[in-house]
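Heads up, structure28.cif below (mmCIF, C-alpha atoms):
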```cif
data_protein
#
loop_
_atom_site.label_atom_id
_atom_site.label_comp_id
_atom_site.auth_asym_id
_atom_site.auth_seq_id
_atom_site.Cartn_x
_atom_site.Cartn_y
_atom_site.Cartn_z
CA MET A 1 115.89 117.57 109.38
CA ASN A 2 114.18 120.94 108.89
CA ASP A 3 112.48 120.50 105.50
CA ARG A 4 108.96 121.82 105.64
CA ILE A 5 106.02 119.69 106.72
CA VAL A 6 103.02 119.83 104.39
CA VAL A 7 99.46 119.19 105.53
CA GLY A 8 96.41 118.88 103.31
CA LEU A 9 93.35 120.81 104.50
CA ASP A 10 89.77 120.56 103.26
CA GLY A 11 87.76 121.97 106.18
CA THR A 12 86.75 118.62 107.69
CA ARG A 13 87.37 117.53 111.27
CA GLU A 14 89.83 115.04 109.91
CA SER A 15 91.98 117.73 108.32
CA VAL A 16 91.79 119.86 111.48
CA ALA A 17 93.23 116.93 113.45
CA ALA A 18 95.89 116.50 110.76
CA GLY A 19 96.78 120.18 111.02
CA GLN A 20 97.18 120.02 114.79
CA TRP A 21 99.34 116.90 114.57
CA ALA A 22 101.45 118.42 111.81
CA ALA A 23 101.95 121.65 113.76
CA SER A 24 103.12 119.71 116.79
CA GLU A 25 105.50 117.78 114.55
CA ALA A 26 106.77 121.01 112.96
CA HIS A 27 107.52 122.40 116.42
CA LEU A 28 109.39 119.22 117.32
CA HIS A 29 111.42 119.28 114.08
CA ASN A 30 111.95 123.05 114.14
CA ALA A 31 110.53 122.97 110.61
CA PRO A 32 108.16 125.30 108.76
CA LEU A 33 104.57 124.16 108.30
CA HIS A 34 102.88 124.53 104.91
CA LEU A 35 99.07 124.35 104.72
CA VAL A 36 97.70 123.28 101.34
CA HIS A 37 94.12 123.28 100.06
CA VAL A 38 93.43 121.70 96.68
CA GLU A 39 90.29 122.68 94.80
CA GLU A 40 89.06 121.00 91.66
CA SER A 41 87.21 123.54 89.53
CA THR A 42 84.91 120.91 88.07
CA ALA A 43 81.70 119.87 89.84
CA PRO A 44 79.34 116.89 89.40
CA LEU A 45 77.02 117.33 86.43
CA ASP A 46 73.92 117.45 88.64
CA ALA A 47 75.37 119.97 91.12
CA PRO A 48 75.63 123.73 90.66
CA ALA A 49 79.25 124.82 90.47
CA PRO A 50 80.23 127.69 92.80
CA THR A 51 81.69 130.71 91.13
CA ALA A 52 85.44 131.31 91.16
CA ASP A 53 84.97 134.22 93.58
CA VAL A 54 82.97 132.04 96.00
CA ARG A 55 85.57 129.26 95.88
CA ARG A 56 88.41 131.72 96.37
CA HIS A 57 86.70 133.41 99.33
CA TRP A 58 85.98 130.06 101.03
CA THR A 59 89.52 128.79 100.44
CA ASP A 60 91.12 132.00 101.71
CA ALA A 61 88.97 131.88 104.85
CA LEU A 62 89.77 128.19 105.42
CA LEU A 63 93.52 128.65 105.16
CA SER A 64 93.57 131.91 107.13
CA GLU A 65 91.53 130.53 110.02
CA ALA A 66 93.58 127.32 110.12
CA ALA A 67 96.84 129.25 110.13
CA ASP A 68 95.63 131.55 112.93
CA ASP A 69 94.49 128.60 115.05
CA LEU A 70 97.78 126.75 114.62
CA LEU A 71 99.86 129.85 115.34
CA THR A 72 97.89 130.31 118.54
CA SER A 73 98.23 126.70 119.69
CA HIS A 74 101.84 126.25 118.51
CA ALA A 75 103.67 129.52 119.10
CA GLY A 76 106.92 129.81 117.23
CA VAL A 77 105.99 127.58 114.29
CA VAL A 78 106.40 129.30 110.92
CA VAL A 79 103.19 128.73 108.93
CA SER A 80 102.59 129.36 105.22
CA THR A 81 99.53 128.62 103.08
CA GLU A 82 98.84 127.71 99.48
CA SER A 83 95.71 127.18 97.40
CA ILE A 84 96.01 124.91 94.37
CA ASP A 85 93.50 124.32 91.60
CA GLY A 86 93.89 120.86 90.12
CA PRO A 87 93.56 117.12 90.71
CA PRO A 88 93.83 116.67 94.50
CA ALA A 89 96.10 113.60 94.69
CA ALA A 90 98.53 114.80 92.04
CA SER A 91 98.57 118.31 93.49
CA LEU A 92 99.28 117.10 97.02
CA LYS A 93 102.04 114.84 95.73
CA LYS A 94 103.66 117.78 93.93
CA ALA A 95 103.30 120.07 96.96
CA ALA A 96 105.15 117.51 99.10
CA GLU A 97 108.05 116.88 96.72
CA ASP A 98 110.49 118.88 98.87
CA ALA A 99 108.81 118.12 102.22
CA SER A 100 109.99 115.90 105.05
CA MET A 101 106.46 114.54 105.31
CA LEU A 102 102.89 115.00 104.09
CA VAL A 103 100.12 114.82 106.71
CA LEU A 104 96.50 113.98 105.87
CA GLY A 105 93.37 113.36 107.90
CA SER A 106 91.46 110.07 107.96
CA ARG A 107 87.83 109.51 108.86
CA GLY A 108 87.12 107.32 111.89
CA LEU A 109 84.27 104.84 112.10
CA GLY A 110 84.96 103.05 115.36
CA SER A 111 87.15 100.40 116.91
CA LEU A 112 85.77 97.47 114.92
CA THR A 113 85.67 98.92 111.44
CA GLY A 114 88.74 101.14 111.62
CA TYR A 115 88.51 104.09 109.26
CA ILE A 116 87.67 104.93 105.71
CA LEU A 117 90.68 106.07 103.78
CA GLY A 118 89.33 108.38 101.08
CA SER A 119 90.21 107.93 97.43
CA VAL A 120 92.46 111.00 97.45
CA ALA A 121 94.41 109.86 100.52
CA MET A 122 94.73 106.35 99.13
CA ALA A 123 96.01 107.69 95.80
CA VAL A 124 98.53 109.86 97.66
CA VAL A 125 99.78 106.92 99.74
CA HIS A 126 100.18 104.80 96.60
CA THR A 127 102.11 107.37 94.60
CA THR A 128 103.95 109.77 96.91
CA GLU A 129 107.55 108.86 97.72
CA ARG A 130 107.76 111.21 100.69
CA PRO A 131 106.60 109.92 104.11
CA VAL A 132 102.82 110.21 104.41
CA VAL A 133 101.22 110.40 107.88
CA LEU A 134 97.52 109.60 108.30
CA VAL A 135 95.83 111.06 111.39
CA ARG A 136 92.62 109.82 112.99
CA THR A 137 89.90 111.96 114.58
CA ASP A 138 88.63 109.73 117.39
CA GLU A 139 89.48 110.45 121.03
CA ASP A 140 92.84 108.70 120.91
CA ALA A 141 93.86 110.54 117.74
CA GLU A 142 92.71 113.91 119.04
CA ALA A 143 94.80 113.39 122.16
CA SER A 144 97.78 112.40 120.04
CA ALA A 145 97.30 115.32 117.69
CA GLY A 146 96.64 118.07 120.17
CA SER A 147 98.75 117.34 123.21
CA THR A 148 102.34 118.45 123.58
CA HIS A 149 102.84 115.62 126.08
CA THR A 150 102.42 112.78 123.56
CA HIS A 151 105.95 113.04 122.15
CA ASP A 152 107.15 110.72 124.89
CA ARG A 153 104.79 107.96 123.78
CA PRO A 154 106.64 105.01 122.27
CA LEU A 155 106.86 104.58 118.52
CA VAL A 156 106.20 101.29 116.76
CA VAL A 157 107.78 100.19 113.49
CA GLY A 158 106.66 97.10 111.58
CA LEU A 159 109.42 95.24 109.72
CA ASP A 160 109.56 92.60 107.00
CA LEU A 161 113.01 91.08 107.39
CA SER A 162 112.79 89.40 103.99
CA ARG A 163 113.15 92.86 102.43
CA PRO A 164 115.62 95.74 102.95
CA CYS A 165 114.28 98.13 105.60
CA ASP A 166 116.98 100.79 106.00
CA THR A 167 114.69 103.60 104.76
CA LEU A 168 112.01 102.57 107.22
CA LEU A 169 114.44 102.28 110.12
CA ALA A 170 116.13 105.59 109.30
CA PHE A 171 112.76 107.36 109.67
CA ALA A 172 111.79 105.42 112.81
CA PHE A 173 115.08 105.99 114.65
CA ALA A 174 115.22 109.68 113.68
CA GLU A 175 111.69 110.23 115.00
CA ALA A 176 112.37 108.31 118.21
CA SER A 177 115.57 110.31 118.73
CA LEU A 178 113.72 113.62 118.35
CA ARG A 179 111.05 112.52 120.80
CA ASP A 180 113.50 110.87 123.20
CA CYS A 181 111.08 107.96 123.44
CA ALA A 182 111.19 104.18 123.20
CA LEU A 183 110.99 102.42 119.84
CA HIS A 184 109.26 99.06 119.46
CA ALA A 185 110.49 97.05 116.46
CA VAL A 186 107.94 94.40 115.49
CA TYR A 187 108.61 91.42 113.25
CA SER A 188 106.00 88.68 112.90
CA TRP A 189 106.66 85.37 111.20
CA LYS A 190 104.39 82.52 110.27
CA LEU A 191 104.84 78.87 111.11
CA PRO A 192 105.28 76.52 108.15
CA PRO A 193 101.90 75.11 107.04
CA VAL A 194 102.82 71.62 108.23
CA ALA A 195 103.24 72.89 111.79
CA GLY A 196 99.52 72.88 112.39
CA TYR A 197 98.95 69.20 111.65
CA GLY A 198 99.08 67.14 114.83
CA SER A 199 102.07 64.83 115.02
CA ALA A 200 103.87 66.80 112.31
CA TYR A 201 104.31 69.64 114.78
CA ASP A 202 107.64 69.55 116.60
CA PRO A 203 108.18 72.09 119.42
CA ARG A 204 111.89 71.97 118.71
CA VAL A 205 111.29 73.25 115.18
CA HIS A 206 109.16 76.07 116.55
CA ALA A 207 111.89 77.00 119.03
CA GLN A 208 114.52 77.02 116.30
CA LEU A 209 112.39 79.24 114.07
CA ASP A 210 111.70 81.57 116.96
CA LEU A 211 115.40 81.85 117.80
CA SER A 212 116.26 82.47 114.15
CA ALA A 213 113.65 85.24 113.89
CA ARG A 214 114.87 86.97 117.04
CA THR A 215 118.48 86.70 115.90
CA ASN A 216 117.67 88.14 112.47
CA LEU A 217 115.79 91.05 114.01
CA SER A 218 118.68 91.82 116.37
CA ASP A 219 121.14 91.68 113.48
CA VAL A 220 119.10 94.15 111.43
CA LEU A 221 118.74 96.55 114.36
CA ARG A 222 122.34 96.37 115.59
CA PRO A 223 123.83 99.14 113.37
CA TRP A 224 120.92 101.43 114.23
CA ARG A 225 121.31 100.79 117.94
CA GLU A 226 124.97 101.74 117.57
CA LYS A 227 124.07 104.92 115.68
CA TYR A 228 121.39 105.89 118.24
CA PRO A 229 122.67 104.46 121.56
CA ALA A 230 120.35 106.63 123.67
CA ILE A 231 117.17 105.11 122.22
CA ASP A 232 115.48 102.35 124.20
CA VAL A 233 114.76 99.75 121.50
CA ILE A 234 112.36 96.94 122.37
CA GLU A 235 112.44 93.99 119.99
CA HIS A 236 109.37 91.84 119.27
CA ALA A 237 109.84 88.77 117.09
CA SER A 238 107.10 86.19 117.35
CA ALA A 239 104.91 83.89 115.30
CA GLY A 240 101.53 85.33 114.42
CA HIS A 241 99.60 87.54 112.06
CA PRO A 242 101.59 90.75 111.37
CA VAL A 243 98.54 93.03 111.45
CA HIS A 244 97.33 91.66 114.79
CA GLN A 245 100.80 91.99 116.27
CA LEU A 246 101.15 95.59 115.08
CA MET A 247 97.70 96.58 116.32
CA GLU A 248 98.47 95.15 119.75
CA LYS A 249 101.88 96.80 120.08
CA ALA A 250 100.64 100.13 118.67
CA SER A 251 97.92 100.61 121.28
CA GLY A 252 98.71 103.94 122.93
CA ALA A 253 101.70 104.60 120.68
CA GLY A 254 102.57 108.06 119.42
CA LEU A 255 103.08 106.83 115.86
CA LEU A 256 102.93 103.53 113.97
CA ILE A 257 105.44 103.29 111.11
CA VAL A 258 105.02 100.90 108.18
CA GLY A 259 106.50 100.64 104.70
CA ARG A 260 105.24 100.36 101.17
CA ARG A 261 107.08 99.40 98.03
CA ILE A 262 108.00 101.85 95.27
CA ARG A 263 107.07 100.48 91.86
CA ARG A 264 107.56 102.21 88.54
CA SER A 265 105.11 99.92 86.79
CA PRO A 266 101.50 101.18 86.64
CA VAL A 267 100.29 97.63 87.30
CA GLY A 268 100.81 95.42 90.31
CA ALA A 269 100.53 96.09 94.02
CA HIS A 270 102.06 99.33 95.28
CA ILE A 271 101.13 98.71 98.88
CA GLY A 272 101.34 95.40 100.69
CA PRO A 273 98.42 93.72 102.45
CA VAL A 274 99.84 94.39 105.93
CA THR A 275 100.27 98.12 105.33
CA HIS A 276 96.87 98.24 103.62
CA SER A 277 95.20 96.70 106.67
CA VAL A 278 97.15 98.82 109.14
CA ILE A 279 96.21 102.14 107.57
CA HIS A 280 92.54 101.14 107.55
CA HIS A 281 92.36 99.88 111.14
CA ALA A 282 95.01 101.58 113.29
CA ARG A 283 93.70 103.95 115.94
CA VAL A 284 96.91 105.97 116.15
CA PRO A 285 98.67 108.13 113.54
CA VAL A 286 100.25 105.96 110.85
CA ALA A 287 103.36 106.92 108.86
CA VAL A 288 103.70 105.15 105.51
CA ILE A 289 107.30 105.16 104.28
CA ALA A 290 107.93 104.43 100.61
CA HIS A 291 111.06 102.45 99.90
CA ARG A 292 112.54 100.33 97.13
CA TYR A 293 113.08 96.59 97.43
#
```
In structure tokens, write the structure found in this file.
Amino acid sequence: MNDRIVVGLDGTRESVAAGQWAASEAHLHNAPLHLVHVEESTAPLDAPAPTADVRRHWTDALLSEAADDLLTSHAGVVVSTESIDGPPAASLKKAAEDASMLVLGSRGLGSLTGYILGSVAMAVVHTTERPVVLVRTDEDAEASAGSTHTHDRPLVVGLDLSRPCDTLLAFAFAEASLRDCALHAVYSWKLPPVAGYGSAYDPRVHAQLDLSARTNLSDVLRPWREKYPAIDVIEHASAGHPVHQLMEKASGAGLLIVGRRIRRSPVGAHIGPVTHSVIHHARVPVAVIAHRY
């Protein structure tokens, strides 16, 4: 896979972290890196609008400095830049149409509150069918983004076995193969509601459900294990809240991989509650993979 990697830049610390992570990924993939800045020409009614020359000069300086920094820190990566005038989310989506992934920064607020995912990033995640990676700026994210030694960190992929997950697993196994790292496959299931009511709870039922979940996970992973025999795959199938399980397993991971559904209808959920929570609270880079089911 050597399609270009696109990263959105806006001059914030978040986008700088995204650029560093994307450059490291481009080096790993032997892929070109494309830096994109999107500028809307309109300004709030109560704010003075900068002139076209001022905007152009600032954008040129932003892209040039970012490219120079990334070329210095990631020698050998081919870097190109592009400035686009238009709606940010739609423009980023279009810029990433032929990309292997789109990388964006996300603003950190701390371990308890997770991070704010801006309206542009959220719109991109909801509508872009290419993989979108969201990069944090706290200490853990900066280490993940800037260090060449983090490629051996394990990857974590969250699975919903009630839905097809081949697209998700194809991305996860390909990334783990490139990194030569372990891959944790996480599937969480919930006990039937009656299981929490005293005498109605039967440990034998719990054991049967647990065995069924582990068997189903192994069955789903089997063809991928055969395709990538060198990857150390660790399976986790247990009862519990999916978000809590993913947060626990993703601590210290190089990348957390989750899915979101592709819907053609303008109404209805385009991103499930688990993925929604993960991208707002994970402290490691999160890859959101769009797939049909």
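Contact shell of Arg292 (chain A) at 12 Å (only C-alpha atoms; same-chain neighbours under 5 positions omitted): Glu129, Arg163, Pro164, Cys165, Asp166, Thr167, Leu168, Gly259, Arg260, Arg261, Ile262, Arg263, Arg264, His270 and Ile271 of chain A.
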**OP:** Could you check how far CA of Glu39 (chain A) sits from CA of Gln20 (chain A), in Å to one decimal?
**Re:**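 Those two atoms sit 21.3 Å apart.
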Subject >> Long-range neighbours of region 204-217 of chain A as a ChimeraX atom specification, 9 Å cut-off, only C-alpha atoms, 4 positions minimum in chain >> reply: /A:159,161,185-189,191,195,221-222,235-239
**OP:** With only C-alpha atoms counted, which protein, DNA or RNA residues have an atom no more than 7 Å from (98.2, 105.7, 114.4) in the file frame? Please answer as a ChimeraX atom specification.
**Re:** /A:135,255-256,282-286
Would you export the selected residues with C-alpha atoms as a PDB file, in the frame of the given file, please?
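Now in out_19.pdb:
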```pdb
ATOM      1  CA  VAL A 135      95.830 111.060 111.390  1.00  0.00           C
ATOM      2  CA  LEU A 255     103.080 106.830 115.860  1.00  0.00           C
ATOM      3  CA  LEU A 256     102.930 103.530 113.970  1.00  0.00           C
ATOM      4  CA  ALA A 282      95.010 101.580 113.290  1.00  0.00           C
ATOM      5  CA  ARG A 283      93.700 103.950 115.940  1.00  0.00           C
ATOM      6  CA  VAL A 284      96.910 105.970 116.150  1.00  0.00           C
ATOM      7  CA  PRO A 285      98.670 108.130 113.540  1.00  0.00           C
ATOM      8  CA  VAL A 286     100.250 105.960 110.850  1.00  0.00           C
TER       9      VAL A 286
END
```
Original post:
To one decimal place, how far is CA of His57 (chain A) from CA of Val133 (chain A) in Å?
Top reply: 28.5 Å
Original post:
For Thr128 (chain A), which residue among A:Thr12, A:Ala67, A:His291, A:Pro32 is the nearest when counting all atoms listed in the file?
Top reply: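 Among the listed residues, A:His291 lies closest to Thr128 (chain A).
For the atom pair formed by CA of Ser83 (chain A) and CA of Ala95 (chain A), the distance is 10.4 Å, given to one decimal.
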**OP:** Considering only C-alpha atoms, state which residue in the set A:Gly105, A:Pro154, A:Pro87, A:Pro203 is at the smallest distance from Ser15 (chain A).
**Re:**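 For Ser15 (chain A), the nearest of the candidates is A:Gly105.
Minimum atom-to-atom distances from A:Ala250, A:Ala174, A:Val220, A:Ala230 to Val156 (chain A) were compared using only C-alpha atoms, and the lowest value belongs to A:Ala250.
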